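Below: data36.pdb (PDB, C-alpha atoms)
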```
MODEL        1
ATOM      1  CA  MET A   1     -32.744 -97.979   9.167
ATOM      2  CA  ASP A   2     -35.675 -98.844  11.408
ATOM      3  CA  ALA A   3     -37.765 -96.271  13.189
ATOM      4  CA  GLN A   4     -36.371 -97.134  16.626
ATOM      5  CA  THR A   5     -32.790 -96.597  15.499
ATOM      6  CA  PHE A   6     -33.771 -93.406  13.829
ATOM      7  CA  ALA A   7     -35.504 -92.188  16.984
ATOM      8  CA  GLY A   8     -32.279 -92.839  18.899
ATOM      9  CA  LEU A   9     -30.267 -90.760  16.473
ATOM     10  CA  ILE A  10     -32.774 -87.968  16.723
ATOM     11  CA  ALA A  11     -32.577 -88.056  20.506
ATOM     12  CA  ARG A  12     -28.826 -87.604  20.314
ATOM     13  CA  ALA A  13     -28.908 -84.815  17.726
ATOM     14  CA  GLY A  14     -32.042 -83.115  19.025
ATOM     15  CA  ASP A  15     -30.363 -80.527  21.234
ATOM     16  CA  LYS A  16     -27.943 -79.426  18.561
ATOM     17  CA  ALA A  17     -30.720 -79.146  15.993
ATOM     18  CA  TYR A  18     -32.939 -77.184  18.349
ATOM     19  CA  ASN A  19     -30.163 -74.769  19.326
ATOM     20  CA  PHE A  20     -29.332 -74.167  15.664
ATOM     21  CA  ALA A  21     -33.008 -73.653  14.864
ATOM     22  CA  TYR A  22     -33.418 -71.232  17.752
ATOM     23  CA  ARG A  23     -30.453 -69.117  16.698
ATOM     24  CA  LEU A  24     -31.663 -69.035  13.121
ATOM     25  CA  SER A  25     -35.273 -68.220  13.855
ATOM     26  CA  GLY A  26     -34.837 -66.143  17.003
ATOM     27  CA  ASN A  27     -37.822 -67.492  18.899
ATOM     28  CA  GLU A  28     -39.029 -70.684  20.501
ATOM     29  CA  GLN A  29     -42.153 -71.295  18.468
ATOM     30  CA  ASP A  30     -40.422 -70.992  15.103
ATOM     31  CA  ALA A  31     -37.588 -73.138  16.404
ATOM     32  CA  ARG A  32     -40.042 -75.862  17.396
ATOM     33  CA  ASP A  33     -41.706 -75.746  13.998
ATOM     34  CA  LEU A  34     -38.347 -75.879  12.255
ATOM     35  CA  VAL A  35     -37.167 -78.836  14.280
ATOM     36  CA  GLN A  36     -40.418 -80.721  13.835
ATOM     37  CA  GLU A  37     -40.483 -80.221  10.092
ATOM     38  CA  SER A  38     -36.812 -81.157   9.811
ATOM     39  CA  PHE A  39     -37.197 -84.375  11.728
ATOM     40  CA  MET A  40     -40.212 -85.369   9.698
ATOM     41  CA  ARG A  41     -38.304 -84.764   6.481
ATOM     42  CA  ALA A  42     -35.346 -86.672   7.854
ATOM     43  CA  LEU A  43     -37.566 -89.616   8.730
ATOM     44  CA  GLU A  44     -39.223 -89.476   5.344
ATOM     45  CA  HIS A  45     -35.843 -89.558   3.581
ATOM     46  CA  SER A  46     -34.003 -91.738   6.067
ATOM     47  CA  GLY A  47     -33.189 -94.113   3.240
ATOM     48  CA  SER A  48     -30.878 -91.524   1.715
ATOM     49  CA  TYR A  49     -28.850 -91.132   4.908
ATOM     50  CA  ASP A  50     -25.310 -92.463   4.646
ATOM     51  CA  PRO A  51     -24.489 -94.099   8.012
ATOM     52  CA  THR A  52     -20.778 -93.589   7.396
ATOM     53  CA  ARG A  53     -21.255 -89.809   7.607
ATOM     54  CA  PRO A  54     -22.095 -87.845  10.759
ATOM     55  CA  PHE A  55     -25.801 -87.874  11.418
ATOM     56  CA  ASP A  56     -25.631 -84.389  12.980
ATOM     57  CA  SER A  57     -24.393 -82.792   9.784
ATOM     58  CA  TRP A  58     -27.061 -84.519   7.712
ATOM     59  CA  LEU A  59     -29.798 -83.380  10.068
ATOM     60  CA  LEU A  60     -28.496 -79.811  10.246
ATOM     61  CA  ARG A  61     -28.373 -79.712   6.466
ATOM     62  CA  ILE A  62     -32.033 -80.680   6.296
ATOM     63  CA  LEU A  63     -32.872 -78.115   8.953
ATOM     64  CA  HIS A  64     -30.954 -75.420   7.089
ATOM     65  CA  ASN A  65     -32.862 -76.221   3.907
ATOM     66  CA  VAL A  66     -36.168 -76.145   5.761
ATOM     67  CA  PHE A  67     -35.217 -72.751   7.178
ATOM     68  CA  LEU A  68     -34.276 -71.345   3.771
ATOM     69  CA  ASP A  69     -37.453 -72.768   2.221
ATOM     70  CA  GLY A  70     -39.458 -70.979   4.881
ATOM     71  CA  MET A  71     -37.605 -67.744   4.292
ATOM     72  CA  ARG A  72     -38.287 -67.969   0.585
ATOM     73  CA  ARG A  73     -41.981 -68.699   1.082
ATOM     74  CA  HIS A  74     -42.697 -66.014   3.585
ATOM     75  CA  SER A  75     -41.293 -62.557   3.283
ATOM     76  CA  HIS A  76     -39.456 -61.719   6.439
ATOM     77  CA  SER A  77     -39.830 -58.204   7.734
ATOM     78  CA  ARG A  78     -36.190 -57.869   8.649
ATOM     79  CA  THR A  79     -34.606 -59.734   5.769
ATOM     80  CA  VAL A  80     -33.608 -58.170   2.492
ATOM     81  CA  SER A  81     -32.806 -61.457   0.773
ATOM     82  CA  LEU A  82     -31.064 -64.719   1.458
ATOM     83  CA  ASP A  83     -27.884 -63.663  -0.274
ATOM     84  CA  ALA A  84     -28.069 -59.900  -0.314
ATOM     85  CA  PRO A  85     -24.794 -58.187  -1.195
ATOM     86  CA  ALA A  86     -22.774 -58.078   1.967
ATOM     87  CA  PRO A  87     -21.928 -54.463   2.674
ATOM     88  CA  VAL A  88     -18.824 -54.918   4.727
ATOM     89  CA  GLU A  89     -17.833 -51.301   4.395
ATOM     90  CA  ASP A  90     -19.100 -48.726   6.836
ATOM     91  CA  SER A  91     -21.568 -47.226   4.380
ATOM     92  CA  GLY A  92     -23.288 -50.528   3.656
ATOM     93  CA  TRP A  93     -25.485 -52.670   5.830
ATOM     94  CA  ALA A  94     -26.406 -50.048   8.414
ATOM     95  CA  ASP A  95     -28.125 -48.075   5.677
ATOM     96  CA  LEU A  96     -30.380 -51.023   4.977
ATOM     97  CA  LEU A  97     -31.592 -51.327   8.543
ATOM     98  CA  PRO A  98     -35.024 -49.812   9.134
ATOM     99  CA  GLU A  99     -34.666 -46.462  10.819
ATOM    100  CA  ASP A 100     -37.144 -47.223  13.556
ATOM    101  CA  GLU A 101     -35.194 -50.284  14.605
ATOM    102  CA  ILE A 102     -32.082 -48.261  15.232
ATOM    103  CA  SER A 103     -33.462 -45.310  17.149
ATOM    104  CA  SER A 104     -36.946 -46.169  18.246
ATOM    105  CA  SER A 105     -38.291 -44.088  21.074
ATOM    106  CA  ASP A 106     -41.313 -46.351  21.607
ATOM    107  CA  GLU A 107     -41.347 -48.994  24.326
ATOM    108  CA  LEU A 108     -37.832 -48.497  25.527
ATOM    109  CA  VAL A 109     -36.482 -51.796  26.709
ATOM    110  CA  ARG A 110     -33.093 -52.404  28.217
ATOM    111  CA  ARG A 111     -31.709 -55.605  26.772
ATOM    112  CA  GLU A 112     -28.953 -57.696  28.204
ATOM    113  CA  SER A 113     -25.972 -58.596  26.109
ATOM    114  CA  LEU A 114     -27.368 -61.910  24.936
ATOM    115  CA  ASP A 115     -30.676 -60.403  24.005
ATOM    116  CA  ILE A 116     -28.854 -57.846  21.929
ATOM    117  CA  LEU A 117     -26.886 -60.615  20.282
ATOM    118  CA  GLN A 118     -30.057 -62.457  19.318
ATOM    119  CA  LYS A 119     -31.568 -59.268  17.976
ATOM    120  CA  ALA A 120     -28.406 -58.610  16.020
ATOM    121  CA  LEU A 121     -28.560 -62.114  14.570
ATOM    122  CA  GLU A 122     -32.026 -61.380  13.258
ATOM    123  CA  ARG A 123     -30.590 -58.493  11.265
ATOM    124  CA  VAL A 124     -28.074 -60.586   9.398
ATOM    125  CA  PRO A 125     -29.095 -62.197   6.074
ATOM    126  CA  PRO A 126     -29.821 -65.919   6.560
ATOM    127  CA  LEU A 127     -26.936 -67.337   4.569
ATOM    128  CA  PHE A 128     -24.375 -65.301   6.515
ATOM    129  CA  LYS A 129     -26.148 -65.884   9.788
ATOM    130  CA  SER A 130     -26.192 -69.656   9.393
ATOM    131  CA  ALA A 131     -22.482 -69.675   8.584
ATOM    132  CA  VAL A 132     -21.614 -67.706  11.725
ATOM    133  CA  VAL A 133     -23.952 -69.730  13.948
ATOM    134  CA  LEU A 134     -22.584 -73.031  12.674
ATOM    135  CA  CYS A 135     -19.013 -71.856  13.191
ATOM    136  CA  ASP A 136     -19.114 -69.841  16.405
ATOM    137  CA  ILE A 137     -22.047 -71.392  18.261
ATOM    138  CA  GLU A 138     -22.175 -74.962  16.975
ATOM    139  CA  GLY A 139     -18.403 -75.206  16.597
ATOM    140  CA  LEU A 140     -18.404 -76.869  13.192
ATOM    141  CA  SER A 141     -15.313 -76.829  10.997
ATOM    142  CA  TYR A 142     -15.332 -75.050   7.653
ATOM    143  CA  GLU A 143     -15.589 -78.409   5.904
ATOM    144  CA  GLU A 144     -18.579 -79.454   7.991
ATOM    145  CA  ILE A 145     -20.268 -76.126   7.359
ATOM    146  CA  ALA A 146     -19.673 -76.606   3.635
ATOM    147  CA  ARG A 147     -21.505 -79.952   3.820
ATOM    148  CA  VAL A 148     -24.383 -78.527   5.833
ATOM    149  CA  THR A 149     -24.873 -75.499   3.609
ATOM    150  CA  ASP A 150     -23.950 -77.285   0.387
ATOM    151  CA  VAL A 151     -21.418 -74.722  -0.814
ATOM    152  CA  PRO A 152     -17.641 -74.806  -1.387
ATOM    153  CA  VAL A 153     -15.295 -74.211   1.539
ATOM    154  CA  GLY A 154     -14.155 -70.945  -0.033
ATOM    155  CA  THR A 155     -17.713 -69.663   0.064
ATOM    156  CA  VAL A 156     -17.985 -70.724   3.673
ATOM    157  CA  ARG A 157     -14.860 -68.777   4.525
ATOM    158  CA  SER A 158     -16.241 -65.670   2.870
ATOM    159  CA  ARG A 159     -19.675 -65.992   4.457
ATOM    160  CA  ILE A 160     -18.282 -66.492   7.928
ATOM    161  CA  HIS A 161     -16.195 -63.356   7.758
ATOM    162  CA  GLN A 162     -18.877 -61.199   6.174
ATOM    163  CA  GLY A 163     -21.432 -62.576   8.598
ATOM    164  CA  ARG A 164     -19.214 -61.695  11.546
ATOM    165  CA  VAL A 165     -18.691 -58.165  10.286
ATOM    166  CA  LEU A 166     -22.424 -57.681   9.750
ATOM    167  CA  LEU A 167     -23.276 -59.192  13.095
ATOM    168  CA  ARG A 168     -20.701 -57.098  14.912
ATOM    169  CA  ARG A 169     -22.009 -53.938  13.318
ATOM    170  CA  ALA A 170     -25.617 -54.751  14.158
ATOM    171  CA  TYR A 171     -24.585 -55.659  17.693
ATOM    172  CA  GLU A 172     -22.676 -52.436  18.194
ATOM    173  CA  THR A 173     -25.546 -50.428  16.753
ATOM    174  CA  LEU A 174     -27.974 -51.990  19.178
ATOM    175  CA  GLU A 175     -25.532 -51.617  22.038
ATOM    176  CA  LYS A 176     -25.028 -47.917  21.336
ATOM    177  CA  SER A 177     -28.758 -47.404  21.307
ATOM    178  CA  GLY A 178     -28.903 -48.943  24.765
ATOM    179  CA  GLY A 179     -30.474 -52.080  23.457
ATOM    180  CA  ARG A 180     -33.541 -50.151  22.391
ATOM    181  CA  VAL A 181     -35.563 -52.040  19.876
ATOM    182  CA  SER A 182     -38.925 -51.377  18.389
TER     183      SER A 182
ATOM    184  CA  MET B   1       2.128 -51.578   5.349
ATOM    185  CA  ASN B   2      -0.617 -51.392   2.732
ATOM    186  CA  ASP B   3      -0.848 -55.030   1.692
ATOM    187  CA  HIS B   4      -3.285 -56.050   4.430
ATOM    188  CA  ILE B   5      -4.607 -59.521   4.984
ATOM    189  CA  GLU B   6      -7.991 -60.121   3.413
ATOM    190  CA  GLY B   7     -10.820 -60.069   5.892
ATOM    191  CA  ALA B   8     -11.848 -63.657   5.169
ATOM    192  CA  ASP B   9      -8.280 -64.744   5.834
ATOM    193  CA  ILE B  10      -8.262 -62.985   9.196
ATOM    194  CA  SER B  11     -11.377 -64.916  10.193
ATOM    195  CA  ALA B  12      -9.900 -68.132   8.851
ATOM    196  CA  PHE B  13      -6.708 -67.406  10.812
ATOM    197  CA  LEU B  14      -8.821 -66.942  13.910
ATOM    198  CA  ASP B  15     -10.635 -70.245  13.281
ATOM    199  CA  GLY B  16      -7.458 -72.153  12.521
ATOM    200  CA  ALA B  17      -8.687 -72.814   9.003
ATOM    201  CA  LEU B  18      -5.672 -71.565   7.059
ATOM    202  CA  SER B  19      -3.152 -73.853   5.440
ATOM    203  CA  SER B  20       0.306 -73.850   6.970
ATOM    204  CA  ALA B  21       1.672 -71.634   4.199
ATOM    205  CA  GLU B  22      -1.204 -69.175   4.526
ATOM    206  CA  ARG B  23      -0.784 -69.130   8.260
ATOM    207  CA  ALA B  24       2.928 -68.381   8.018
ATOM    208  CA  ARG B  25       2.225 -65.410   5.733
ATOM    209  CA  ALA B  26      -0.527 -64.153   8.025
ATOM    210  CA  ASP B  27       1.712 -64.496  11.077
ATOM    211  CA  ALA B  28       4.428 -62.463   9.435
ATOM    212  CA  HIS B  29       1.993 -59.743   8.431
ATOM    213  CA  LEU B  30       0.257 -59.560  11.795
ATOM    214  CA  THR B  31       3.571 -59.062  13.514
ATOM    215  CA  ALA B  32       4.134 -55.886  11.542
ATOM    216  CA  CYS B  33       0.586 -54.530  10.939
ATOM    217  CA  ASP B  34      -1.272 -52.873  13.815
ATOM    218  CA  ALA B  35      -4.493 -52.448  11.823
ATOM    219  CA  CYS B  36      -4.786 -56.131  10.951
ATOM    220  CA  ARG B  37      -3.873 -57.100  14.497
ATOM    221  CA  ARG B  38      -6.580 -54.835  15.897
ATOM    222  CA  GLU B  39      -9.087 -56.343  13.505
ATOM    223  CA  LEU B  40      -8.018 -59.832  14.553
ATOM    224  CA  ASP B  41      -8.415 -58.920  18.227
ATOM    225  CA  SER B  42     -11.815 -57.392  17.594
ATOM    226  CA  LEU B  43     -13.061 -60.456  15.733
ATOM    227  CA  ARG B  44     -11.645 -62.731  18.399
ATOM    228  CA  HIS B  45     -13.477 -60.813  21.092
ATOM    229  CA  PHE B  46     -16.698 -60.860  19.119
ATOM    230  CA  LYS B  47     -16.372 -64.576  18.404
ATOM    231  CA  LEU B  48     -16.282 -65.123  22.169
ATOM    232  CA  VAL B  49     -19.381 -62.981  22.588
ATOM    233  CA  VAL B  50     -21.243 -65.076  20.030
ATOM    234  CA  ALA B  51     -19.962 -68.336  21.482
ATOM    235  CA  SER B  52     -21.173 -67.285  24.940
ATOM    236  CA  ALA B  53     -24.798 -67.507  23.846
ATOM    237  CA  PRO B  54     -26.451 -70.094  26.090
ATOM    238  CA  ARG B  55     -27.330 -73.348  24.395
ATOM    239  CA  ARG B  56     -30.976 -74.178  24.020
ATOM    240  CA  THR B  57     -32.004 -77.752  24.590
ATOM    241  CA  LEU B  58     -34.796 -79.620  22.889
ATOM    242  CA  PRO B  59     -37.954 -79.197  25.015
ATOM    243  CA  ALA B  60     -38.987 -82.495  26.603
ATOM    244  CA  ASP B  61     -42.505 -82.402  25.223
ATOM    245  CA  LEU B  62     -41.211 -81.832  21.711
ATOM    246  CA  ALA B  63     -38.713 -84.676  22.080
ATOM    247  CA  LEU B  64     -41.488 -87.005  23.207
ATOM    248  CA  SER B  65     -43.752 -85.909  20.383
ATOM    249  CA  LEU B  66     -41.006 -86.482  17.814
ATOM    250  CA  GLU B  67     -40.169 -89.884  19.205
ATOM    251  CA  ARG B  68     -43.801 -90.948  19.040
ATOM    252  CA  ARG B  69     -44.157 -89.714  15.503
ATOM    253  CA  CYS B  70     -40.983 -91.488  14.446
ATOM    254  CA  VAL B  71     -41.804 -94.782  16.058
ATOM    255  CA  GLY B  72     -45.502 -94.566  15.229
ATOM    256  CA  PRO B  73     -48.425 -96.030  17.196
ATOM    257  CA  GLN B  74     -47.532 -99.225  19.005
ATOM    258  CA  PRO B  75     -49.573-102.379  18.317
ATOM    259  CA  ARG B  76     -51.424-103.598  21.411
ATOM    260  CA  TRP B  77     -49.362-106.725  21.806
ATOM    261  CA  THR B  78     -46.139-104.767  22.034
ATOM    262  CA  ILE B  79     -47.434-103.082  25.164
ATOM    263  CA  LEU B  80     -47.518-106.499  26.841
ATOM    264  CA  THR B  81     -43.923-107.117  25.875
ATOM    265  CA  ASN B  82     -42.734-103.899  27.462
ATOM    266  CA  PRO B  83     -40.642-104.956  30.511
ATOM    267  CA  ARG B  84     -41.454-101.710  32.285
ATOM    268  CA  LEU B  85     -45.083-102.833  32.488
ATOM    269  CA  TRP B  86     -44.394-106.329  33.744
ATOM    270  CA  ILE B  87     -44.168-105.440  37.460
ATOM    271  CA  PRO B  88     -47.399-103.388  37.675
ATOM    272  CA  MET B  89     -49.269-105.887  35.514
ATOM    273  CA  GLY B  90     -48.066-108.765  37.710
ATOM    274  CA  ALA B  91     -49.092-106.903  40.845
ATOM    275  CA  VAL B  92     -52.599-106.361  39.493
ATOM    276  CA  ALA B  93     -52.950-110.023  38.492
ATOM    277  CA  ALA B  94     -51.725-111.250  41.888
ATOM    278  CA  SER B  95     -54.132-108.926  43.676
ATOM    279  CA  ALA B  96     -57.065-110.169  41.620
ATOM    280  CA  LEU B  97     -56.142-113.788  42.309
ATOM    281  CA  ALA B  98     -55.784-113.203  46.042
ATOM    282  CA  PHE B  99     -59.133-111.447  46.227
ATOM    283  CA  SER B 100     -60.959-114.244  44.430
ATOM    284  CA  VAL B 101     -59.477-116.867  46.777
ATOM    285  CA  TRP B 102     -60.397-114.817  49.822
ATOM    286  CA  ALA B 103     -63.945-114.266  48.550
ATOM    287  CA  ARG B 104     -64.481-118.021  48.195
ATOM    288  CA  THR B 105     -63.052-119.102  51.527
ATOM    289  CA  ALA B 106     -63.727-116.286  53.933
ATOM    290  CA  ALA B 107     -67.529-116.505  54.476
ATOM    291  CA  PRO B 108     -68.611-114.876  57.767
ATOM    292  CA  ALA B 109     -68.650-117.376  60.662
ATOM    293  CA  ASP B 110     -72.047-116.250  62.053
ATOM    294  CA  GLU B 111     -73.905-116.528  58.793
ATOM    295  CA  LEU B 112     -77.031-118.812  59.092
ATOM    296  CA  PRO B 113     -78.057-121.220  56.339
ATOM    297  CA  LEU B 114     -81.009-119.717  54.502
ATOM    298  CA  GLU B 115     -82.890-122.794  53.292
ATOM    299  CA  PRO B 116     -83.789-124.298  56.726
ATOM    300  CA  LEU B 117     -84.957-120.908  57.951
ATOM    301  CA  LEU B 118     -87.309-120.490  55.024
ATOM    302  CA  ALA B 119     -88.700-123.985  55.509
ATOM    303  CA  ALA B 120     -89.333-123.355  59.200
ATOM    304  CA  HIS B 121     -90.991-120.046  58.461
ATOM    305  CA  GLU B 122     -93.358-121.594  55.947
ATOM    306  CA  ARG B 123     -94.228-124.377  58.294
ATOM    307  CA  TYR B 124     -94.953-121.985  61.137
ATOM    308  CA  SER B 125     -97.142-119.790  58.900
ATOM    309  CA  ALA B 126     -99.149-122.767  57.765
ATOM    310  CA  GLU B 127     -99.771-123.985  61.315
ATOM    311  CA  ALA B 128    -100.869-120.550  62.537
ATOM    312  CA  LEU B 129    -103.420-119.866  59.796
ATOM    313  CA  VAL B 130    -104.983-123.250  59.328
ATOM    314  CA  PRO B 131    -107.698-124.250  61.903
ATOM    315  CA  GLN B 132    -106.509-126.512  64.604
ATOM    316  CA  SER B 133    -108.753-129.328  63.586
ATOM    317  CA  HIS B 134    -107.335-129.310  60.097
ATOM    318  CA  LEU B 135    -103.782-129.438  61.140
ATOM    319  CA  VAL B 136    -101.951-132.548  60.400
ATOM    320  CA  ALA B 137     -99.912-133.965  63.148
ATOM    321  CA  SER B 138     -96.473-132.631  63.568
ATOM    322  CA  SER B 139     -94.043-132.537  66.359
ATOM    323  CA  TYR B 140     -94.461-128.795  66.674
ATOM    324  CA  THR B 141     -98.279-129.077  66.957
ATOM    325  CA  ASP B 142     -97.949-131.786  69.541
ATOM    326  CA  GLN B 143     -95.665-129.626  71.626
ATOM    327  CA  VAL B 144     -98.040-126.618  71.492
ATOM    328  CA  THR B 145    -101.048-128.759  72.325
ATOM    329  CA  THR B 146     -99.270-130.319  75.219
ATOM    330  CA  LEU B 147     -98.154-126.946  76.483
ATOM    331  CA  TYR B 148    -101.629-125.383  76.520
ATOM    332  CA  ALA B 149    -103.323-128.490  77.790
ATOM    333  CA  ASP B 150    -101.447-128.637  81.015
ATOM    334  CA  GLY B 151    -101.690-124.816  81.550
ATOM    335  CA  SER B 152     -98.009-124.313  81.983
ATOM    336  CA  ALA B 153     -98.108-121.509  79.468
ATOM    337  CA  ASN B 154    -100.195-119.391  81.930
ATOM    338  CA  GLY B 155     -98.092-120.200  84.903
ATOM    339  CA  GLU B 156    -100.819-122.560  86.305
ATOM    340  CA  GLU B 157     -99.469-125.464  88.140
TER     341      GLU B 157
ENDMDL
END
```
Let me see whether you can do it: turn the structure in this file into structure tokens.
Amino acid sequence: MDAQTFAGLIARAGDKAYNFAYRLSGNEQDARDLVQESFMRALEHSGSYDPTRPFDSWLLRILHNVFLDGMRRHSHSRTVSLDAPAPVEDSGWADLLPEDEISSSDELVRRESLDILQKALERVPPLFKSAVVLCDIEGLSYEEIARVTDVPVGTVRSRIHQGRVLLRRAYETLEKSGGRVS
Amino acid sequence: MNDHIEGADISAFLDGALSSAERARADAHLTACDACRRELDSLRHFKLVVASAPRRTLPADLALSLERRCVGPQPRWTILTNPRLWIPMGAVAASALAFSVWARTAAPADELPLEPLLAAHERYSAEALVPQSHLVASSYTDQVTTLYADGSANGEE
């Protein structure tokens, strides 16, 4: 694949990759870095791309790996681990959230619904978050998500549900606190 | 009814990811179980909330930067083969050609030839500084001599 062709593919998949990166990272600068690093890796390994498969999925898989690599390298203040046990019961995940993020009285800020959603996404472990984002925001099928995240479809099914439950709980917690975040 | 649908199956039902047999079982259970139906409705509502997040598009400057890095620096000769540059390059070349033609052909009409003027000036200077007796004959000297000799220069008649 020549560089011009590759640039064309990137132009077509760029928006999807950037949106995915933004939802994973939660801010523009990290999303830009993620996308840039992903495209460079994709270009570097363009020889391993199978043209019979969707380019989008291949690129998102690279981006997902770049994201997880970054999470492993740098400790994230709001992340327990990439695959922390998913406490789907009421006594679980909320207990792991830092207290000051739930009921902070400093710098009270009223967030709109979408802001709360993005904040809630940041509170979900990366592997569950990526599954939910790929399914509900990017609209990928379970099979496509399995290819992107390199896990069996059964694992995808489990992660999507647990991710939704965690996200819903974080969202409702933030909503009840009036969108107050630290 | 205690035998509820597993949570992952409720999500898969919502996403249309169950097999036909699984879906038939889930349908039958949901018809009879309020708790599972409420959970399904809640997840459906929340899925819509998540899906409503506005899509972010690749910033133009980042897209341009990526494209340049992918394609790499262009050799100079490829710039000349870029059709988008043909029109402005042609316009510049035509302008340069037109200017050079105009510069060669459009000399001012009242411009005097320089060489004859210089020659006349030198001749006049020589005749004014050299004593009259040493002057060689010239048509100009003859005219001056004739003029002063007959007094016409002073208005004498």
task: Would you kindly return, as a VMD selection string, each protein, DNA or RNA residue with an atom no farther than 10 Å from any atom of B:Asp41, considering only C-alpha atoms and excluding same-chain residues fewer than 5 positions away?
output: chain B and resid 10 14 35 to 36 46 to 47
- request: Using all atoms listed in the file, select each residue of chain A with any atom at most 6 Å away from an atom of chain B, and give the selection as a ChimeraX atom specification.
  value: /A:3-4,7,14-15,18-19,136-137,157-158,161
- prompt: If you count only C-alpha atoms, which residues fall within 6 Å of stretch 115-131 of chain A, apart from same-chain ones fewer than 5 positions away, as a list of chain:residue names?
  reply: A:Leu82, A:Arg159, A:Ile160, A:Gly163, A:Leu167, A:Ala170, A:Tyr171
- prompt: Could you state the separation of atom CA of A:Arg32 and atom CA of A:Ser57 in Å, given to one decimal place?
  reply: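 Between these atoms lies a distance of 18.7 Å.
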- line: One decimal place gives the atom CA of B:Phe13-atom CA of A:Ser141 separation as 12.8 Å
field: Chain and number of each residue from the PyMOL selection byres ((chain A and resi 146) around 12), as a ChimeraX atom specification
entry: /A:57-58,60-61,64,127,130-131,134-135,140-145,147-160
As lines of an AutoDock Vina configuration file, please: the centre and edge lengths in Å, to one decimal, of an axis-aligned box enclosing every listed atom of stretch 12-16 of chain A with 3 Å added on each side.
```
center_x = -30.0
center_y = -83.5
center_z = 19.5
size_x = 10.1
size_y = 14.2
size_z = 9.5
```
field: Å distance separating atom CA of A:Ser113 from atom CA of A:Glu175, one decimal place
entry: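 According to the coordinates, atom CA of A:Ser113 and atom CA of A:Glu175 are separated by 8.1 Å.
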Where atoms are absent from stretch 1-16 of chain B, fill them in so it carries N, CA and C atoms, then output it as a PDB file, keeping the file's coordinate frame.
```pdb
ATOM      1  N   MET B   1       2.269 -50.411   6.235  1.00  0.00           N
ATOM      2  CA  MET B   1       2.128 -51.578   5.349  1.00  0.00           C
ATOM      3  C   MET B   1       0.732 -51.567   4.734  1.00  0.00           C
ATOM      4  N   ASN B   2       0.669 -51.517   3.412  1.00  0.00           N
ATOM      5  CA  ASN B   2      -0.617 -51.392   2.732  1.00  0.00           C
ATOM      6  C   ASN B   2      -1.210 -52.729   2.319  1.00  0.00           C
ATOM      7  N   ASP B   3      -0.384 -53.737   2.197  1.00  0.00           N
ATOM      8  CA  ASP B   3      -0.848 -55.030   1.692  1.00  0.00           C
ATOM      9  C   ASP B   3      -1.455 -55.842   2.832  1.00  0.00           C
ATOM     10  N   HIS B   4      -2.656 -55.414   3.265  1.00  0.00           N
ATOM     11  CA  HIS B   4      -3.285 -56.050   4.430  1.00  0.00           C
ATOM     12  C   HIS B   4      -3.796 -57.454   4.098  1.00  0.00           C
ATOM     13  N   ILE B   5      -4.008 -58.193   5.146  1.00  0.00           N
ATOM     14  CA  ILE B   5      -4.607 -59.521   4.984  1.00  0.00           C
ATOM     15  C   ILE B   5      -6.082 -59.349   4.632  1.00  0.00           C
ATOM     16  N   GLU B   6      -6.553 -60.169   3.733  1.00  0.00           N
ATOM     17  CA  GLU B   6      -7.991 -60.121   3.413  1.00  0.00           C
ATOM     18  C   GLU B   6      -8.809 -60.479   4.653  1.00  0.00           C
ATOM     19  N   GLY B   7      -9.977 -59.847   4.725  1.00  0.00           N
ATOM     20  CA  GLY B   7     -10.820 -60.069   5.892  1.00  0.00           C
ATOM     21  C   GLY B   7     -11.145 -61.534   6.114  1.00  0.00           C
ATOM     22  N   ALA B   8     -11.495 -62.236   5.040  1.00  0.00           N
ATOM     23  CA  ALA B   8     -11.848 -63.657   5.169  1.00  0.00           C
ATOM     24  C   ALA B   8     -10.666 -64.462   5.698  1.00  0.00           C
ATOM     25  N   ASP B   9      -9.454 -64.021   5.347  1.00  0.00           N
ATOM     26  CA  ASP B   9      -8.280 -64.744   5.834  1.00  0.00           C
ATOM     27  C   ASP B   9      -8.039 -64.470   7.317  1.00  0.00           C
ATOM     28  N   ILE B  10      -8.404 -63.264   7.757  1.00  0.00           N
ATOM     29  CA  ILE B  10      -8.262 -62.985   9.196  1.00  0.00           C
ATOM     30  C   ILE B  10      -9.205 -63.886   9.997  1.00  0.00           C
ATOM     31  N   SER B  11     -10.435 -64.026   9.504  1.00  0.00           N
ATOM     32  CA  SER B  11     -11.377 -64.916  10.193  1.00  0.00           C
ATOM     33  C   SER B  11     -10.896 -66.359  10.141  1.00  0.00           C
ATOM     34  N   ALA B  12     -10.396 -66.757   8.981  1.00  0.00           N
ATOM     35  CA  ALA B  12      -9.900 -68.132   8.851  1.00  0.00           C
ATOM     36  C   ALA B  12      -8.688 -68.353   9.756  1.00  0.00           C
ATOM     37  N   PHE B  13      -7.850 -67.322   9.892  1.00  0.00           N
ATOM     38  CA  PHE B  13      -6.708 -67.406  10.812  1.00  0.00           C
ATOM     39  C   PHE B  13      -7.220 -67.620  12.240  1.00  0.00           C
ATOM     40  N   LEU B  14      -8.226 -66.847  12.577  1.00  0.00           N
ATOM     41  CA  LEU B  14      -8.821 -66.942  13.910  1.00  0.00           C
ATOM     42  C   LEU B  14      -9.397 -68.339  14.162  1.00  0.00           C
ATOM     43  N   ASP B  15      -9.980 -68.929  13.131  1.00  0.00           N
ATOM     44  CA  ASP B  15     -10.635 -70.245  13.281  1.00  0.00           C
ATOM     45  C   ASP B  15      -9.673 -71.406  13.048  1.00  0.00           C
ATOM     46  N   GLY B  16      -8.425 -71.090  12.783  1.00  0.00           N
ATOM     47  CA  GLY B  16      -7.458 -72.153  12.521  1.00  0.00           C
ATOM     48  C   GLY B  16      -7.736 -72.889  11.233  1.00  0.00           C
TER      49      GLY B  16
END
```
